[in-house]
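First the structure, in the form of structure tokens, and then the observations on it.
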Amino acid sequence: MSEEALFETTISNIGTYENQKVTLKGWLYNKRSSGKIMFLILRDGTGIVQCVVSQKDVGQDLFARLDKLNQESSLVIQGIVRKDARAPGGYEVGVTGCTIVSEAFDDYPITLKEHGVEFLLDHRHLWIRTPRQKNILLIRAEIIKACRDFLDGEGFVNVDAPIMTPSACEGTTTLFPVEYFGEQAYLSQSGQLYNEAAIMALRKVYCFGPTFRAEKSKTRRHLTEFWMVEPEAAFMTFEEMLRLEERMVSYIVERVLTRYGHLLEELGRDTQKLEQVKPPFPRLTYTEAVELLNQKGLDITWGDDFGAPHETAIASEFAKPVFVTHFPTKIKAFYMQPDPDNPDTVLGADLLAPEGYGEIIGGGQRIHDYHLLLERIRQHNLPVEDYQWYLDLRRFGSVPHSGFGMGIERVVAWICGLEHVRETIPFPRLINRLRP
Ligand code: 4AD
Ligand code: MG
């Protein structure tokens, strides 16, 4: 046991060390024993491997201690890597020595049997250790990286928008108030307004950060804290923006398929559906969407906003994400540019994911005319003083511009094929959940 293994490695790399002695550091995931042989299933954050311990190799004392270990005890294991076609990763480890770093106190609350969702969410700090949750978090990280790589590659500059803000971007009903040294501030709903300032300096920018909505909606698509990537560009037209969206979404899907297709399969995702996500995406105007919904027997009249059933019904007509464009002005945010051909509608678009995952992107062209913007701020009963700086952007070299925001958790839910966004973020914040 005292002799050090030559190579410290991770389970994901174990194949490089066939027939050699390695050190692995990790946690006990499961254990079986049959007399003088014991099977420790070790996980180390990169994978899972079966480690075979025999009493004659490690001695009676250590064997007895290992035999009593609770799940999730932490271990450093030395052993010989052996090829084994029956083992899940193709290898197992013949243990020559083992140090117990920390014995888990009790029976681990999350066992291999089924648990209720509320129980799992109460134990989210432990739940994330399970292979399924770990896979989702890996894919989430890849999606975030893919967003950044795509936008960086298109010449967008990452600019960070503030989280504490004095005013609303997406309407006042979903603001989280913060007491700011005796003044009323709010957690940001979107970095868009600040992006609009930054594009006049850098032309193409994006912000990427947490955003907050005090949404009373208890649905499988709503979090109160979620992450949004928001590209914005000066001179970008509505049409150019739609093209950018479909390129970006296709790029992300392809990246995940290429790098983590095996994890998607472990999650049970039908990856063939994702293979179809390539530009161009179908488009419908809001008016056409309402007609379609009426034909399908759904109750909606022109001017109503879509609910989840409407979005699902529209998306079910298409294999790819679908754009719904030209919404009625009165149901969209104050900054939306009117369509010159029909000013009752706006140059705004939602991108709906297939398979019922709902809206993943909201965006559009912004009002660049000072007077019209001022009028809209007043119509929406927003305090004009707070928007003076935003109006300044229309006073000093205003240009047509567009941008959008993509919610990361909804994209993760769609790509992974998850039923609810609560599994797409390490520690979800929901209307009824602030802990752990
Ligand atoms: O459509 P939204 O509200 O658009 C904006 O905030 C714009 N200011 C963005 C921009 O143009 N820069 O939100 C954008 C996206 C939605 O399409 C959805 O994916 C996600 O953010 N989203 C949510 N995700 C999880 N939980 C919620 N409560 C969400 N609300 C919006
Ligand atoms: Mg929206």
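Residue numbering restarts at 1 in every chain; chains get A, B, ... in the order shown in the structure tokens, and ligands count up from 1 in that same order.
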Where does chain A meet ligand 2 within 10 Å, residue by residue, with the nearest atom pair and distance in Å to one decimal for each, counting only C-alpha atoms and all ligand atoms, listed by chain and rising number, as JSON lines?
```
{"residue": "A:Glu170", "atom": "CA", "partner": "ligand 2", "partner_atom_place_in_ligand_line": "1 (Mg)", "distance": 8.9}
{"residue": "A:Lys332", "atom": "CA", "partner": "ligand 2", "partner_atom_place_in_ligand_line": "1 (Mg)", "distance": 8.3}
{"residue": "A:Ala333", "atom": "CA", "partner": "ligand 2", "partner_atom_place_in_ligand_line": "1 (Mg)", "distance": 9.1}
{"residue": "A:Gly348", "atom": "CA", "partner": "ligand 2", "partner_atom_place_in_ligand_line": "1 (Mg)", "distance": 9.6}
{"residue": "A:Ala349", "atom": "CA", "partner": "ligand 2", "partner_atom_place_in_ligand_line": "1 (Mg)", "distance": 8.5}
{"residue": "A:Asp350", "atom": "CA", "partner": "ligand 2", "partner_atom_place_in_ligand_line": "1 (Mg)", "distance": 6.4}
{"residue": "A:Leu351", "atom": "CA", "partner": "ligand 2", "partner_atom_place_in_ligand_line": "1 (Mg)", "distance": 8.9}
{"residue": "A:Glu359", "atom": "CA", "partner": "ligand 2", "partner_atom_place_in_ligand_line": "1 (Mg)", "distance": 6.9}
{"residue": "A:Ile360", "atom": "CA", "partner": "ligand 2", "partner_atom_place_in_ligand_line": "1 (Mg)", "distance": 8.1}
{"residue": "A:Ile361", "atom": "CA", "partner": "ligand 2", "partner_atom_place_in_ligand_line": "1 (Mg)", "distance": 6.8}
{"residue": "A:Gly362", "atom": "CA", "partner": "ligand 2", "partner_atom_place_in_ligand_line": "1 (Mg)", "distance": 4.5}
{"residue": "A:Gly363", "atom": "CA", "partner": "ligand 2", "partner_atom_place_in_ligand_line": "1 (Mg)", "distance": 7.5}
{"residue": "A:Phe404", "atom": "CA", "partner": "ligand 2", "partner_atom_place_in_ligand_line": "1 (Mg)", "distance": 9.5}
{"residue": "A:Gly405", "atom": "CA", "partner": "ligand 2", "partner_atom_place_in_ligand_line": "1 (Mg)", "distance": 8.4}
{"residue": "A:Met406", "atom": "CA", "partner": "ligand 2", "partner_atom_place_in_ligand_line": "1 (Mg)", "distance": 9.3}
{"residue": "A:Gly407", "atom": "CA", "partner": "ligand 2", "partner_atom_place_in_ligand_line": "1 (Mg)", "distance": 9.6}
```
Residue subset to file, keeping N, CA and C atoms, as a PDB file, in the first residue's frame:
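Result file is out13.pdb:
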```
ATOM      1  N   GLU A 170     -38.309  44.554 -19.469  1.00  0.00           N
ATOM      2  CA  GLU A 170     -39.395  43.732 -20.021  1.00  0.00           C
ATOM      3  C   GLU A 170     -40.728  43.980 -19.327  1.00  0.00           C
ATOM      4  N   LYS A 332     -46.345  43.390 -27.073  1.00  0.00           N
ATOM      5  CA  LYS A 332     -44.885  43.284 -26.977  1.00  0.00           C
ATOM      6  C   LYS A 332     -44.282  44.483 -26.240  1.00  0.00           C
ATOM      7  N   ALA A 333     -42.997  44.390 -25.922  1.00  0.00           N
ATOM      8  CA  ALA A 333     -42.325  45.391 -25.101  1.00  0.00           C
ATOM      9  C   ALA A 333     -42.279  46.759 -25.807  1.00  0.00           C
ATOM     10  N   GLY A 348     -40.689  41.984 -34.526  1.00  0.00           N
ATOM     11  CA  GLY A 348     -40.218  41.158 -33.402  1.00  0.00           C
ATOM     12  C   GLY A 348     -40.483  39.713 -33.744  1.00  0.00           C
ATOM     13  N   ALA A 349     -39.669  38.815 -33.192  1.00  0.00           N
ATOM     14  CA  ALA A 349     -39.853  37.386 -33.469  1.00  0.00           C
ATOM     15  C   ALA A 349     -39.562  36.568 -32.223  1.00  0.00           C
ATOM     16  N   ASP A 350     -40.339  35.518 -32.071  1.00  0.00           N
ATOM     17  CA  ASP A 350     -40.031  34.494 -31.074  1.00  0.00           C
ATOM     18  C   ASP A 350     -39.576  33.265 -31.845  1.00  0.00           C
ATOM     19  N   LEU A 351     -38.602  32.571 -31.318  1.00  0.00           N
ATOM     20  CA  LEU A 351     -38.228  31.291 -31.913  1.00  0.00           C
ATOM     21  C   LEU A 351     -38.744  30.184 -30.998  1.00  0.00           C
ATOM     22  N   GLU A 359     -40.892  28.780 -26.326  1.00  0.00           N
ATOM     23  CA  GLU A 359     -40.064  29.888 -26.820  1.00  0.00           C
ATOM     24  C   GLU A 359     -38.654  29.796 -26.246  1.00  0.00           C
ATOM     25  N   ILE A 360     -37.673  29.728 -27.123  1.00  0.00           N
ATOM     26  CA  ILE A 360     -36.286  29.731 -26.641  1.00  0.00           C
ATOM     27  C   ILE A 360     -35.605  31.072 -26.900  1.00  0.00           C
ATOM     28  N   ILE A 361     -36.117  31.835 -27.881  1.00  0.00           N
ATOM     29  CA  ILE A 361     -35.531  33.148 -28.172  1.00  0.00           C
ATOM     30  C   ILE A 361     -36.644  34.168 -28.352  1.00  0.00           C
ATOM     31  N   GLY A 362     -36.388  35.360 -27.798  1.00  0.00           N
ATOM     32  CA  GLY A 362     -37.240  36.512 -28.097  1.00  0.00           C
ATOM     33  C   GLY A 362     -36.337  37.626 -28.591  1.00  0.00           C
ATOM     34  N   GLY A 363     -36.755  38.302 -29.644  1.00  0.00           N
ATOM     35  CA  GLY A 363     -35.900  39.390 -30.133  1.00  0.00           C
ATOM     36  C   GLY A 363     -36.589  40.222 -31.173  1.00  0.00           C
ATOM     37  N   PHE A 404     -31.395  39.988 -29.777  1.00  0.00           N
ATOM     38  CA  PHE A 404     -32.291  38.974 -29.210  1.00  0.00           C
ATOM     39  C   PHE A 404     -31.718  38.396 -27.928  1.00  0.00           C
ATOM     40  N   GLY A 405     -32.550  37.670 -27.229  1.00  0.00           N
ATOM     41  CA  GLY A 405     -32.110  37.000 -26.011  1.00  0.00           C
ATOM     42  C   GLY A 405     -32.508  35.537 -26.072  1.00  0.00           C
ATOM     43  N   MET A 406     -31.558  34.669 -25.763  1.00  0.00           N
ATOM     44  CA  MET A 406     -31.846  33.231 -25.756  1.00  0.00           C
ATOM     45  C   MET A 406     -31.700  32.703 -24.333  1.00  0.00           C
ATOM     46  N   GLY A 407     -32.733  32.064 -23.846  1.00  0.00           N
ATOM     47  CA  GLY A 407     -32.707  31.502 -22.493  1.00  0.00           C
ATOM     48  C   GLY A 407     -31.975  30.161 -22.498  1.00  0.00           C
TER      49      GLY A 407
END
```
**Request:** Tell me which protein, DNA and RNA residues are within 8 Å of stretch 68-80 of chain A, counting only C-alpha atoms, leaving out same-chain ones fewer than 4 positions away, and put them as an MDAnalysis selection string.
**Result:** chainID A and resid 4:5 18:31 64 93:108
**Request:** Produce as JSON, numbers by chain the set of residues near ligand 1, where near means within 8 Å with only C-alpha atoms and all ligand atoms considered.
**Result:** {"A": [169, 170, 189, 190, 191, 192, 193, 195, 212, 213, 214, 215, 217, 221, 222, 223, 224, 225, 226, 227, 228, 229, 230, 231, 232, 350, 351, 359, 360, 361, 362, 363, 364, 402, 403, 404, 405, 406, 407, 408, 409, 410, 411, 421]}
Give one line per residue of stretch 164-259 of chain A that approaches stretch 130-153 of chain A to at most 9 Å, naming the two atoms of the closest pair and their distance in Å to one decimal, counting only C-alpha atoms; sort by chain then ascending residue number and deliver it as CSV.
```
residue,atom,partner,partner_atom,distance
A:Val205,CA,A:Leu151,CA,8.5
A:Tyr206,CA,A:Leu151,CA,7.8
A:Phe208,CA,A:Arg148,CA,8.7
A:Val229,CA,A:Cys147,CA,7.6
A:Pro231,CA,A:Leu151,CA,7.8
A:Arg247,CA,A:Phe150,CA,8.9
A:Met248,CA,A:Phe150,CA,6.6
A:Val249,CA,A:Cys147,CA,8.5
A:Tyr251,CA,A:Phe150,CA,7.2
A:Ile252,CA,A:Ala146,CA,5.5
A:Val253,CA,A:Ile143,CA,8.1
A:Arg255,CA,A:Ala146,CA,6.8
A:Val256,CA,A:Glu142,CA,6.7
A:Arg259,CA,A:Glu142,CA,8.5
```
**Neighbour list for A:Leu284 as a VMD selection string, cut-off 7 Å, only C-alpha atoms, skip fewer than 6 positions in-chain** = chain A and resid 323 to 325
**Prompt:** By how many Å are atom CA of A:Gly397 and atom CA of A:Phe334 apart?
**Reply:**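 About the pair atom CA of A:Gly397 and atom CA of A:Phe334: they are 20.6 Å apart.
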**Asked** What is the atom CA of A:Val58-atom CA of A:Phe39 distance in Å, reported with one decimal?
**Response**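 Going from atom CA of A:Val58 over to atom CA of A:Phe39, I get 13.2 Å.
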**Asked** Separation of atom CA of A:Glu355 and atom CA of A:Ser316, in Å?
**Response**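 Spanning atom CA of A:Glu355 to atom CA of A:Ser316 is a straight-line distance of 6.2 Å.
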**Message:** Can you pull out every residue from stretch 76-232 of chain A that DSSP, working from the backbone, puts in alpha helix (DSSP H), and format the result as a PyMOL selection string?
**Reply:** chain A and resi 117-122+124-127+131-153+192-202
**Backbone-only DSSP, strand (DSSP E) members of stretch 141-245 of chain A, as a ChimeraX atom specification** = /A:157-158,164-165,177-180,183-187,204-212,225-234
**Fill in**
A:Tyr357 proximity check over A:Leu418, A:Leu373, A:Ala85, A:Leu274, using only C-alpha atoms: winner is A:Leu418
**Shortest interatomic distance to A:Gln337 - which of A:Ala313, A:Ala319, A:Gly356, A:Arg366, counting only C-alpha atoms** =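 Smallest distance to A:Gln337 is found for A:Arg366.
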**Item:** Residue with smallest distance to A:His401 - pool A:Thr271, A:Ser188, A:Gln276, A:Thr237, counting only C-alpha atoms
**Value:**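 Among the listed residues, A:Thr237 lies closest to A:His401.
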**Item:** Closest of A:Ile331, A:Leu374, A:Leu393, A:Val322 to A:Gly303 - atom-to-atom distances counting only C-alpha atoms
**Value:** A:Ile331
Write out, as a tab-separated table, each residue of stretch 305-336 of chain A that has an atom at most 10 Å from stretch 286-296 of chain A, together with the closest pair of atoms and their distance in Å to one decimal, counting only C-alpha atoms, rows going by chain and rising number.
```
residue	atom	partner	partner_atom	distance
A:Asp305	CA	A:Tyr286	CA	9.7
A:Phe306	CA	A:Val290	CA	9.1
A:Pro309	CA	A:Leu293	CA	9.9
A:His310	CA	A:Leu293	CA	7.0
A:Glu311	CA	A:Ala289	CA	9.3
A:Ala313	CA	A:Leu293	CA	7.1
A:Ile314	CA	A:Ala289	CA	6.9
A:Glu317	CA	A:Leu292	CA	9.6
A:Phe323	CA	A:Tyr286	CA	9.3
A:Val324	CA	A:Tyr286	CA	5.7
A:Thr325	CA	A:Tyr286	CA	5.6
A:His326	CA	A:Tyr286	CA	5.7
A:Phe327	CA	A:Tyr286	CA	5.2
A:Pro328	CA	A:Tyr286	CA	7.7
```
